[in-house]
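Data file: query-v6.cif. Format and content: mmCIF, C-alpha atoms.
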```
data_start
loop_
_atom_site.label_atom_id
_atom_site.label_comp_id
_atom_site.auth_asym_id
_atom_site.auth_seq_id
_atom_site.Cartn_x
_atom_site.Cartn_y
_atom_site.Cartn_z
CA MET B 1 -25.18 11.14 -95.50
CA ASP B 2 -27.38 8.46 -93.95
CA ARG B 3 -25.97 4.99 -94.04
CA LEU B 4 -27.86 2.25 -95.87
CA VAL B 5 -29.57 -0.84 -94.60
CA VAL B 6 -28.66 -3.53 -97.11
CA GLY B 7 -30.72 -6.64 -97.69
CA TYR B 8 -28.61 -9.30 -99.37
CA CYS B 9 -30.46 -12.16 -101.06
CA ARG B 10 -29.03 -15.13 -102.88
CA ILE B 11 -30.38 -18.27 -104.43
CA SER B 12 -28.18 -20.88 -106.01
CA SER B 13 -30.80 -22.72 -108.05
CA ASN B 14 -34.49 -23.40 -108.52
CA GLU B 15 -34.24 -25.83 -105.60
CA GLY B 16 -34.11 -22.91 -103.17
CA ALA B 17 -37.42 -21.59 -104.42
CA GLU B 18 -38.99 -24.99 -103.84
CA ARG B 19 -37.61 -25.08 -100.28
CA GLY B 20 -39.12 -21.72 -99.41
CA THR B 21 -36.07 -19.52 -99.87
CA SER B 22 -37.16 -17.74 -103.04
CA ILE B 23 -35.80 -14.26 -103.61
CA GLU B 24 -39.26 -12.77 -103.08
CA ARG B 25 -39.68 -14.54 -99.75
CA GLN B 26 -36.22 -13.42 -98.60
CA LYS B 27 -37.02 -9.82 -99.57
CA ASP B 28 -40.40 -9.90 -97.82
CA LEU B 29 -38.91 -11.24 -94.58
CA ILE B 30 -36.09 -8.69 -94.57
CA THR B 31 -38.47 -5.82 -95.39
CA ASN B 32 -40.88 -6.87 -92.64
CA TYR B 33 -38.03 -7.13 -90.14
CA CYS B 34 -36.90 -3.60 -91.00
CA LYS B 35 -40.44 -2.26 -90.55
CA PHE B 36 -40.82 -4.06 -87.22
CA LYS B 37 -37.47 -2.76 -85.93
CA GLY B 38 -37.98 0.78 -87.24
CA LEU B 39 -35.09 0.52 -89.69
CA PRO B 40 -35.11 2.27 -93.07
CA THR B 41 -36.35 0.41 -96.13
CA PRO B 42 -33.50 -1.86 -97.20
CA GLN B 43 -31.60 -1.50 -100.45
CA PHE B 44 -31.54 -5.00 -101.94
CA HIS B 45 -28.62 -6.70 -103.62
CA ILE B 46 -29.52 -10.02 -105.21
CA ASP B 47 -27.39 -12.80 -106.67
CA GLU B 48 -29.35 -15.49 -108.50
CA ALA B 49 -28.12 -18.91 -109.62
CA ILE B 50 -24.74 -18.43 -107.90
CA SER B 51 -23.22 -20.70 -105.28
CA GLY B 52 -22.59 -19.22 -101.85
CA PHE B 53 -19.21 -20.93 -101.93
CA LYS B 54 -18.02 -18.42 -104.53
CA ASN B 55 -16.76 -15.01 -103.46
CA ASN B 56 -16.96 -13.38 -106.88
CA ARG B 57 -20.74 -12.94 -106.83
CA PRO B 58 -21.46 -9.55 -108.49
CA GLU B 59 -23.97 -8.18 -105.97
CA PHE B 60 -22.04 -9.60 -103.02
CA GLN B 61 -19.00 -7.66 -104.25
CA LYS B 62 -21.13 -4.49 -104.54
CA VAL B 63 -22.17 -4.92 -100.91
CA ILE B 64 -18.51 -5.31 -99.91
CA SER B 65 -17.68 -2.10 -101.81
CA LEU B 66 -20.49 -0.22 -100.05
CA ILE B 67 -19.24 -1.47 -96.67
CA LYS B 68 -15.67 -0.38 -97.45
CA ALA B 69 -16.99 3.04 -98.50
CA LYS B 70 -18.65 3.31 -95.05
CA ARG B 71 -22.09 3.69 -96.63
CA VAL B 72 -23.78 0.80 -94.74
CA SER B 73 -25.18 0.57 -91.20
CA HIS B 74 -26.71 -2.94 -91.40
CA VAL B 75 -26.49 -5.97 -93.64
CA ILE B 76 -29.46 -8.29 -93.26
CA VAL B 77 -29.88 -11.77 -94.73
CA PHE B 78 -32.71 -14.27 -94.45
CA ASP B 79 -30.31 -17.07 -93.54
CA LEU B 80 -26.58 -17.20 -92.86
CA SER B 81 -26.09 -19.57 -95.79
CA ARG B 82 -27.31 -16.79 -98.12
CA LEU B 83 -24.24 -14.73 -97.18
CA ALA B 84 -21.71 -17.51 -97.70
CA ARG B 85 -21.31 -21.26 -97.62
CA ASN B 86 -17.82 -21.37 -96.15
CA VAL B 87 -16.47 -20.33 -92.80
CA LYS B 88 -13.58 -18.22 -94.08
CA THR B 89 -15.72 -16.00 -96.32
CA THR B 90 -18.36 -15.64 -93.60
CA LEU B 91 -15.87 -14.67 -90.90
CA ASP B 92 -13.80 -12.42 -93.19
CA THR B 93 -16.95 -10.60 -94.34
CA VAL B 94 -18.32 -10.17 -90.83
CA ASP B 95 -14.89 -9.05 -89.61
CA LEU B 96 -14.89 -6.35 -92.30
CA MET B 97 -18.40 -5.33 -91.22
CA GLU B 98 -17.31 -5.03 -87.60
CA LYS B 99 -14.31 -2.88 -88.57
CA MET B 100 -16.64 -0.59 -90.53
CA ASN B 101 -19.20 -0.46 -87.71
CA VAL B 102 -21.82 -2.44 -89.65
CA THR B 103 -24.26 -4.68 -87.82
CA PHE B 104 -24.82 -8.03 -89.50
CA ILE B 105 -28.19 -9.73 -88.94
CA SER B 106 -29.26 -13.20 -90.02
CA LEU B 107 -32.98 -13.65 -89.47
CA SER B 108 -33.30 -17.45 -89.51
CA GLU B 109 -30.68 -18.03 -86.84
CA ASP B 110 -31.50 -14.81 -84.94
CA ILE B 111 -27.87 -13.70 -85.19
CA ARG B 112 -26.82 -10.10 -84.54
CA THR B 113 -23.12 -9.34 -84.52
CA ASP B 114 -23.54 -6.43 -82.15
CA THR B 115 -23.62 -8.93 -79.24
CA ALA B 116 -20.93 -11.33 -77.96
CA VAL B 117 -23.33 -14.28 -78.09
CA GLY B 118 -24.32 -13.37 -81.64
CA ARG B 119 -20.70 -13.33 -82.79
CA CYS B 120 -20.03 -16.71 -81.16
CA PHE B 121 -23.19 -18.26 -82.60
CA LEU B 122 -22.26 -16.92 -86.04
CA THR B 123 -19.00 -18.88 -85.96
CA ILE B 124 -20.77 -22.09 -84.95
CA CYS B 125 -23.53 -21.73 -87.55
CA SER B 126 -21.11 -20.89 -90.37
CA SER B 127 -19.23 -24.12 -89.61
CA PHE B 128 -22.43 -26.13 -89.93
CA HIS B 129 -23.39 -24.40 -93.19
CA GLN B 130 -19.99 -25.28 -94.67
CA LEU B 131 -20.34 -28.86 -93.40
CA LEU B 132 -23.72 -29.20 -95.14
CA ARG B 133 -22.32 -27.75 -98.36
CA ASP B 134 -19.27 -30.07 -98.23
CA GLN B 135 -21.44 -33.14 -97.56
CA THR B 136 -23.70 -32.28 -100.50
CA SER B 137 -20.67 -31.89 -102.73
CA GLU B 138 -19.29 -35.26 -101.60
CA LYS B 139 -22.63 -36.97 -102.28
CA MET B 140 -22.84 -35.44 -105.75
CA THR B 141 -19.29 -36.58 -106.58
CA ILE B 142 -20.09 -40.13 -105.48
CA THR B 143 -23.31 -40.13 -107.53
CA TRP B 144 -21.59 -38.80 -110.66
CA ARG B 145 -18.78 -41.36 -110.30
CA HIS B 146 -21.34 -44.16 -109.93
CA LYS B 147 -23.27 -42.99 -113.00
CA LYS B 148 -20.06 -42.75 -115.02
CA GLU B 149 -19.08 -46.31 -114.06
CA ARG B 150 -22.51 -47.51 -115.23
CA CYS B 151 -22.32 -45.38 -118.42
CA GLU B 152 -25.39 -43.40 -117.36
CA LYS B 153 -25.98 -39.75 -118.10
CA GLY B 154 -25.13 -37.22 -115.39
CA PRO B 155 -27.50 -34.79 -113.72
#
```

Would you mind writing the file out in structure tokens?
Amino acid sequence: MDRLVVGYCRISSNEGAERGTSIERQKDLITNYCKFKGLPTPQFHIDEAISGFKNNRPEFQKVISLIKAKRVSHVIVFDLSRLARNVKTTLDTVDLMEKMNVTFISLSEDIRTDTAVGRCFLTICSSFHQLLRDQTSEKMTITWRHKKERCEKGP
């Protein structure tokens, strides 16, 4: 049986669509990459309106199941932050992929885990993605606290 090329797309809110990371754009970029590299048409798994900080995303879990069943050759994402927004999940997931002989590719950062430099860069980038997520969370907490003190409505 041929192994699948999986395109994983995620968007946490409508904000992503406004910033150019809509599901359709992610799918188009992944599909075009596969055509350019001579890879099979990807099978897409899409989680919408779900934070990348959560591991229990339904389609993400389906991808993990496919990897464990040795049915996947590549997992491709538009951006590393689409896979996960924390270092532990990112590294655990990529470690599983490596054990199952799956190449992970993140298009935005030009990361491929089938190279030593790609694996190193993945670790660095995942740290920055978690930092950005944590900073956003801190800012939101401060804003909500301020609004509560002033008896204003929240977001």

Reference answer for the PyMOL selection byres ((chain B and resi 114-120) around 12), as an NGL selection string:
:B and (73-75 or 90-91 or 94-95 or 97-99 or 101-107 or 109-113 or 121-127)

Step by step, work through what the PyMOL selection byres ((chain B and resi 38-54) around 6) selects in the shown file, and finish by giving those residues as a list of chain:residue names.
B:Val5, B:Val6, B:Gly7, B:Tyr8, B:Cys9, B:Arg10, B:Ile11, B:Ser12, B:Ser13, B:Cys34, B:Lys35, B:Phe36, B:Lys37, B:Asn55, B:Asn56, B:Glu59, B:Ala84, B:Arg85, B:Asn86

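Between CA of Arg71 (chain B) and CA of Leu4 (chain B) the separation is 6.0 Å.
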
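CA of Thr21 (chain B) to CA of Lys68 (chain B) spans 28.1 Å [interatomic distance, one decimal].
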
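Taking only C-alpha atoms into account, Phe128 (chain B) lies nearest to B:Leu80 out of the set B:Gln61, B:Ile23, B:Leu80, B:Leu66.
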
By how many Å are CA of His129 (chain B) and CA of Ser81 (chain B) apart?
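CA of Ser81 (chain B) lies 6.1 Å from CA of His129 (chain B).
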
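Taking only C-alpha atoms into account, Ser65 (chain B) lies nearest to B:Leu96 out of the set B:Gln135, B:Leu96, B:Met140, B:Asp2.
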
Let me have the centre and edge lengths of the axis-aligned box enclosing all listed atoms of region 29-38 of chain B with 4 Å padding on every side, in Å to one decimal, as AutoDock Vina command-line options.
```
--center_x -38.5 --center_y -5.2 --center_z -90.7 --size_x 12.8 --size_y 20.0 --size_z 17.5
```
